[in-house]
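Here's the structure, in C-alpha cells; my notes come after.
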Amino acid sequence: MPDSQPPFPLADLEAGREAVIVEFKAGRAVTSRLASLGLTPGVRVNMVQNYGRGPLIVTARGTRLALGRGEAAKILVERGNHA
Amino acid sequence: MPDCHAAVAAPERTRLAEAGTPVIALAGQPNMGKSTVFNLLTGLNQHVGNWPGKTVERREGRFDLNGRQALLVDLPGTYSLTANSPEEVIAREFILREKPDLVVAVVSAANLERSLYLVAELAALDAPLVVALNMMDVAEQEGLRVEPHVLEAALGVPVVPMVASKAAGVRELLTVAERVLNGEQAAGPRPPEVRADHCQILAQIEAQIAPHVPAPYPSSWIALKLLEGDAEVTRLMQASMPPETWEAVHDILRAHDDAFLAVASGRYEWIGRLVRAAVTRPRVGQIGLTERLDRWAAHPFWGLVLLAGILGLVFWLTFTIGAPLQAWLEQAAVAPLAGLAAEALTEVPFWLQGLMVDGLIGGVGSVLTFLPILVIFFAAFALLEDVGYMARAAYVMDNLMHLMGLHGKSFLPLFLGFGCNVPAVMGTRVIDSWPARLLTILIAPLVPCTARMAVVAFIAPAFFGANALWVTWGLVLLSLLALVASGALLNRVIFKGQRSAFIMEMPLYHIPNLRTIGLLVWQRSIAFVKKAGTAILAMAMLVWALSYLPGGDLNSSYLARFGQFLEPVGRWMGFDWRLTVALITSFPAKENAIATLGVLFGVSPEAGLTELLAASYSTATALSFLVVTMLFIPCMATVAVTRQETGSWRWTLLSVFLLLALSMAAGAVTYHLAVWMGV
C-alpha cells in the first residue's frame with residue numbers, strides 16, 4: 001500500500017480534496033440510504049463544501065449530496081491521491 | 001462466474017384494471033424528470049389520491065397509447081427498493097402484487113451511474129422493463145456522450161432517449177411501449193449479481209427458503225432482500241417459515257450482517273460495466289453552473305442572506321398582489337353574492353336564509369377568498385422547487401433546525417406554512433423519518449399563516465398607528481421563537497433528543513418547466529378548495545348554528561353563553577366575553593375573529609369597527625389579543641389534516657392542547673407585563 005495514513009472521518013476531509021470510502025460506522029438503515037445514493041466502500045468522493053461546522057456537500061458517482069456532519073463523521077475514508 | 005440467479009418461472013399475470021387496458025407503472029429516482037414524463041403523457045387527465053392506508057400521494061392517469069387507452073400509475077420517487085420508507089415499500093409491492101404490464105424506469109443520462117441503481121433493483125423484480133433515458137440535453141451540455149443502443153444491448157431491455165422538458169422522445173417511448181406490450185420486443189433485463197464472495201451464501205439461503213416463499217414473491221428476490229437485511233421481508237419470512245428452518249436461515253444471515261454492502265456493491269459493479277460501455281466523457285473537471293451558484297446559495301452566511309431575500313420577495317409579492325385581490329374578492333364577490341342570496345331567499349324560513357347567507361357564503365366564501373394568496377404562494381414554492389433551489393434552502397437551514405433535533409428537510413414544509421398551515425402539514429411527507437415528521441407536524445401551526453396575518457393587519461393599525469408594522473414584525477418573530485422553543489422542548493421530552501440522518505441529493509439547477517409548475521399549483525389549489533367544500537363547510541355550518549340558536553340573535557346565542565361562561569378565563573388575558581367569543585370562532589378560520597367582532601359590536605366590518613375597538617379596549621388587551629391569535633390552536637382545517645397525516649387523535653389533541661396552553665400563557669404574560677409597564 002503506497003498510503004499508510006489510517007482511515008479518517010469524511011467530515012474531516014477539506015473542501016476540494018478527494019478520498020475513497022473505506023467503511024461505514026452507521027447503522028444499517030443509514031448505510032442503506034447512503035448506498036442507494038451512490039456511497040459504497042471503494043467509491044471516490046470529492047468534498048465540495050466543508051466549513052468545519054454544519055452540513056457539507058460531496059460529489060460521488062456524479063451526484064451532489066448534502067450530508068449532515070453527524071452522518072459524515074460515520075463514514076471512514078482514506079486519501080485517494082495514490083490512484 | 002457462478003450463476004446466482006436460478007431461473008424463476010414467470011407467474012401468471014393478473015389484470016389490475018379492466019381487460020384491454022394495459023397498466024403501465026412509471027418508476028424513477030427523484031430529480032430524474034419522472035413527473036415531467038407523467039404530466040407529458042396524462043396532462044390534466046390525472047387523478048391524485050393516496051395509496052390505500054398510507055399518507056403517500058398516488059397519482060394515476062389515462063392516456064392514448066396509439067389508439068387504445070392505457071392506465072399510467074406514477075410510483076413514488078425512490079432511490080432504491082429496500083424497505084427504508086413507505087414509498088419504497090409501495091413501489092415494490094405494486095410491481096410484485098399488481099403486476100403491471102410494463103414498468104417504465106426514468107433515468108437521467110447526465111447521472112447514469114446513480115440513476116441506474118433503481119433499475120438494478122427493478123431488474124430483479126421480474127417485470128417487463130423499458131428504460132426512458134431522460135435529460136439527454138443536460139448530458140450533452142456536460143460533455144457526456146451516452147449511446148442508447150449500447151446501453152440497450154448491455155441491459156437487455158429497450159432504451160429510449162428523451163428530453164422530457166422539451167417533450168422530445170415521447171412518441172418513440174409510446175411506440176416501444178406498444179411493441180413490448182404486443183410481445184414484439186423483448187424487455188426482460190439481465191439482473192445484477194451479488195459480489196462473488198456472497199454468491200454461495202445467497203444460493204444457500206434461496207434453497208432453504210424456496211419452499212416457504214408466499215406468492216407472489218419470487219424466491220430469488222426474497223433471498224436477496226434477506227441478505228440485504230430488509231426489515232419488511234425478514235418479518236414476512238419469519239412469519240411464513242417453521243421456526244427451526246427460520247432459525248437456520250437466521251443464523252446464516254447473522255453471520256453475514258455486512259452482506260448489505262456486498263449486494264449494493266454488486267449492483268454498482270453491474271452499473272459500472274453498463275456505464276463504461278455506453279458513456280464517453282471527453283471533458284472532465286469543468287466547473288458547472290451549479291457549482292458556481294452553490295458557492296453563494298449554499299454558503300453558510302450568504303446562503304442565509306439569499307434565502308431571507310427570496311422569502312422577503314415571496315411575502316412582498318403575496319401581500320402586494322394577493323392581499324388586495326383577497327380584499328377585492330371579499331367585497332366584489334362574497335358580499336354581493338350574500339346580498340343576492342338574501343334577496344332570493346326571502347320566501348324561505350329565516351333560519352335557512354341565515355344558514356345559506358352567513359354560514360355557507362359568509363363562512364366558506366371568506367375562506368375561499370384566500371385562494372389568490374395561496375396560488376401566488378404555491379406558484380413561488382413550485383418554481384423554487386422546480387429550479388432546484390429548495391434543496392439549498394434546506395441545506396442552509398440545517399444548522400438552525402438542529403436546535404429542534406430536526407434537519408434541513410423540515411424547513412421546506414414550514415416555509416409552506418407561511419401561506420397556509422394545511423399544505424405545510426401535508427408537505428411534511430418529504431421528511432423521511434417518522435419522529436422528525438411528527439415533530440414538524442406538531443410545530444407547523446406556529447408558522448404565522450396569511451389568515452392570522454390578516455387579523456393582525458386589521459387590529460394592529462387600530463391600536464398602534466404608525467408603529468403597527470413593528471408590532472407585526474414583533475409578532476412574527478415571537479411566533480418563530482415559540483416555534484423553535486417548543487420544537488426543542490418537544491424533541492427533548494417526547495422524542496428523547498433523537499435525531500434523524502440528513503442525507504439529501506442536491507439536484508442540478510435547471511430552467512423551470514412551466515407545465516410542471518402549473519400542474520403542481522393546480523393540484524394544490526384544488527386540494528384546498530376541496531377541503532373548503534367539505535371539512536370547512538361542515539364546521540362553518542356548526543359555528544353558524546351555535547351563533548344563531550336558540551333565539552336567532554348572536555348576543556343571546558349558545559356561542560355567546562359559552563363565551564360568557566369562559567369569560568373568567570379570558571380575563572387572565574385581559575379579554576371580555578366578546579373577545580373570548582371572537583377567539584373561539586377563529587377556530588373554523590382564523591380571519592373569522594374580525595367578522596365575529598363585527599357582528600358582536602353590531603357594525604359591518606368595513607364601517608367603523610376599528611374605531612369601536614380602539615375605544616373599547618386598552619392597548620394591553622389589544623396586544624394580548626394579537627399574541628393569543630398568533631399562537632392559538634390551529635384552525636379546523638389544520639386540525640383535520642393533522643389527524644389525517646398522523647393517523648392518530650392522540651397526537652392531534654396533543655397539538656391542540658399544546659397550542660392552547662402556549663397561547664393562553666403567552667397572552668396572560670403579555671397582558672400583565674403591558675399593564676405593569678403602563679402601556
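Just so we're on the same page: first chain in the C-alpha cells is A, next is B, and so on; residues restart at 1 for each chain, and ligands are numbered from 1 in the order they show up.
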
### Distance filter 9 Å, only C-alpha atoms, chain A against chain B, as a PyMOL selection string
chain A and resi 28-38+40-42+48-49+51+53-57+60-71

### Task
Using DSSP on the backbone coordinates, identify the residues of region 21-246 of chain B assigned to strand (DSSP E or B); present them as a count of residues only.
47

### Query
Any idea what's packed within 12 Å of Thr621 (chain B), counting only C-alpha atoms, ignoring anything in its chain fewer than 3 positions away? Could you give it as a VMD selection string?
chain B and resid 459 to 460 463 570 to 576 579 to 580 613 to 618 624 to 628 667 to 675 678 to 679

### Residue list (alpha helix (DSSP H), DSSP) for region 12-69 of chain B, as a count of residues only
9

### Message
Nearest residue to Val334 (chain B) out of B:Met426, B:Cys635, B:Ile361, B:Ala462, using only C-alpha atoms?
### Response
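Among the listed residues, B:Ile361 lies closest to Val334 (chain B).
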
### Task
Please identify all polymer residues within 9 Å of Phe601 (chain B), counting only C-alpha atoms, omitting same-chain residues fewer than 5 positions from it, and present them as a list in words.
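Counting only the stated atoms, we get Arg578, Thr596, Leu609, Leu612 and Leu613 of chain B.
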
Please write the residues from the selection above to a file, keeping N, CA and C atoms, as a PDB file, in the first residue's frame.
```
ATOM      1  N   ARG B 578     -66.671  39.186  24.585  1.00  0.00           N
ATOM      2  CA  ARG B 578     -66.723  39.330  23.130  1.00  0.00           C
ATOM      3  C   ARG B 578     -65.407  38.903  22.476  1.00  0.00           C
ATOM      4  N   THR B 596     -66.614  38.075  13.513  1.00  0.00           N
ATOM      5  CA  THR B 596     -67.372  37.891  14.757  1.00  0.00           C
ATOM      6  C   THR B 596     -67.431  39.195  15.539  1.00  0.00           C
ATOM      7  N   LEU B 609     -65.484  49.584  12.648  1.00  0.00           N
ATOM      8  CA  LEU B 609     -65.131  48.608  13.686  1.00  0.00           C
ATOM      9  C   LEU B 609     -63.797  48.984  14.344  1.00  0.00           C
ATOM     10  N   LEU B 612     -64.430  51.565  16.952  1.00  0.00           N
ATOM     11  CA  LEU B 612     -65.132  50.984  18.091  1.00  0.00           C
ATOM     12  C   LEU B 612     -64.203  50.150  18.959  1.00  0.00           C
ATOM     13  N   LEU B 613     -63.342  49.363  18.293  1.00  0.00           N
ATOM     14  CA  LEU B 613     -62.416  48.515  19.038  1.00  0.00           C
ATOM     15  C   LEU B 613     -61.434  49.368  19.830  1.00  0.00           C
TER      16      LEU B 613
END
```

### Task
Provide the CA of Pro148 (chain B) to CA of Val107 (chain B) distance in Å, to one decimal place.
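CA of Pro148 (chain B) sits 11.8 Å away from CA of Val107 (chain B).
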
### Top pick for closest residue to Pro512 (chain B), considering B:Val160, B:Leu227, B:Leu352, B:Ala382 and counting only C-alpha atoms
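Result for the nearest residue to Pro512 (chain B): B:Ala382.
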
### Message
Quick one: residues within 9 Å of region 17-26 of chain A, only C-alpha atoms, excluding same-chain residues fewer than 6 positions away - as JSON, numbers by chain?
### Response
{"A": [7, 10, 39, 40, 41, 42, 43, 44, 45, 46, 47, 48, 71, 73, 74, 75, 76, 77, 78, 79, 80, 81]}

Would you save the residues of that selection, restricted to C-alpha atoms, as a CSV table (one decimal), in the first residue's frame?
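Result file part.csv:
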```csv
chain,number,residue,atom,x,y,z
A,7,PRO,CA,-8.7,6.0,7.7
A,10,LEU,CA,-15.2,12.1,5.9
A,39,LEU,CA,-21.9,6.0,-1.4
A,40,THR,CA,-20.4,2.5,-1.0
A,41,PRO,CA,-16.9,1.4,0.1
A,42,GLY,CA,-14.4,1.8,-2.6
A,43,VAL,CA,-16.1,4.8,-4.2
A,44,ARG,CA,-14.3,8.1,-4.8
A,45,VAL,CA,-15.8,11.1,-3.1
A,46,ASN,CA,-15.0,14.7,-3.7
A,47,MET,CA,-15.5,17.3,-0.9
A,48,VAL,CA,-17.2,20.3,-2.5
A,71,GLU,CA,-23.5,11.3,9.1
A,73,ALA,CA,-18.5,11.6,10.8
A,74,LYS,CA,-19.6,7.9,10.5
A,75,ILE,CA,-18.1,7.4,7.0
A,76,LEU,CA,-14.4,6.5,7.1
A,77,VAL,CA,-12.3,7.4,4.2
A,78,GLU,CA,-8.6,7.4,3.1
A,79,ARG,CA,-6.7,9.7,0.8
A,80,GLY,CA,-7.1,8.6,-2.7
A,81,ASN,CA,-4.2,10.6,-4.2
```

### Task
Might you pull out every residue within 9 Å of Leu442 (chain B), with only C-alpha atoms counted and same-chain residues fewer than 2 positions away left off, and present them as an MDAnalysis selection string?
chainID B and resid 425 437:440 444:446 487 490 642 651:652 654:656 658

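Among B:Glu232, B:Glu93, B:Asp251, B:Glu142, the residue with the shortest atom-to-atom distance to Gly288 (chain B), counting only C-alpha atoms, is B:Glu142.
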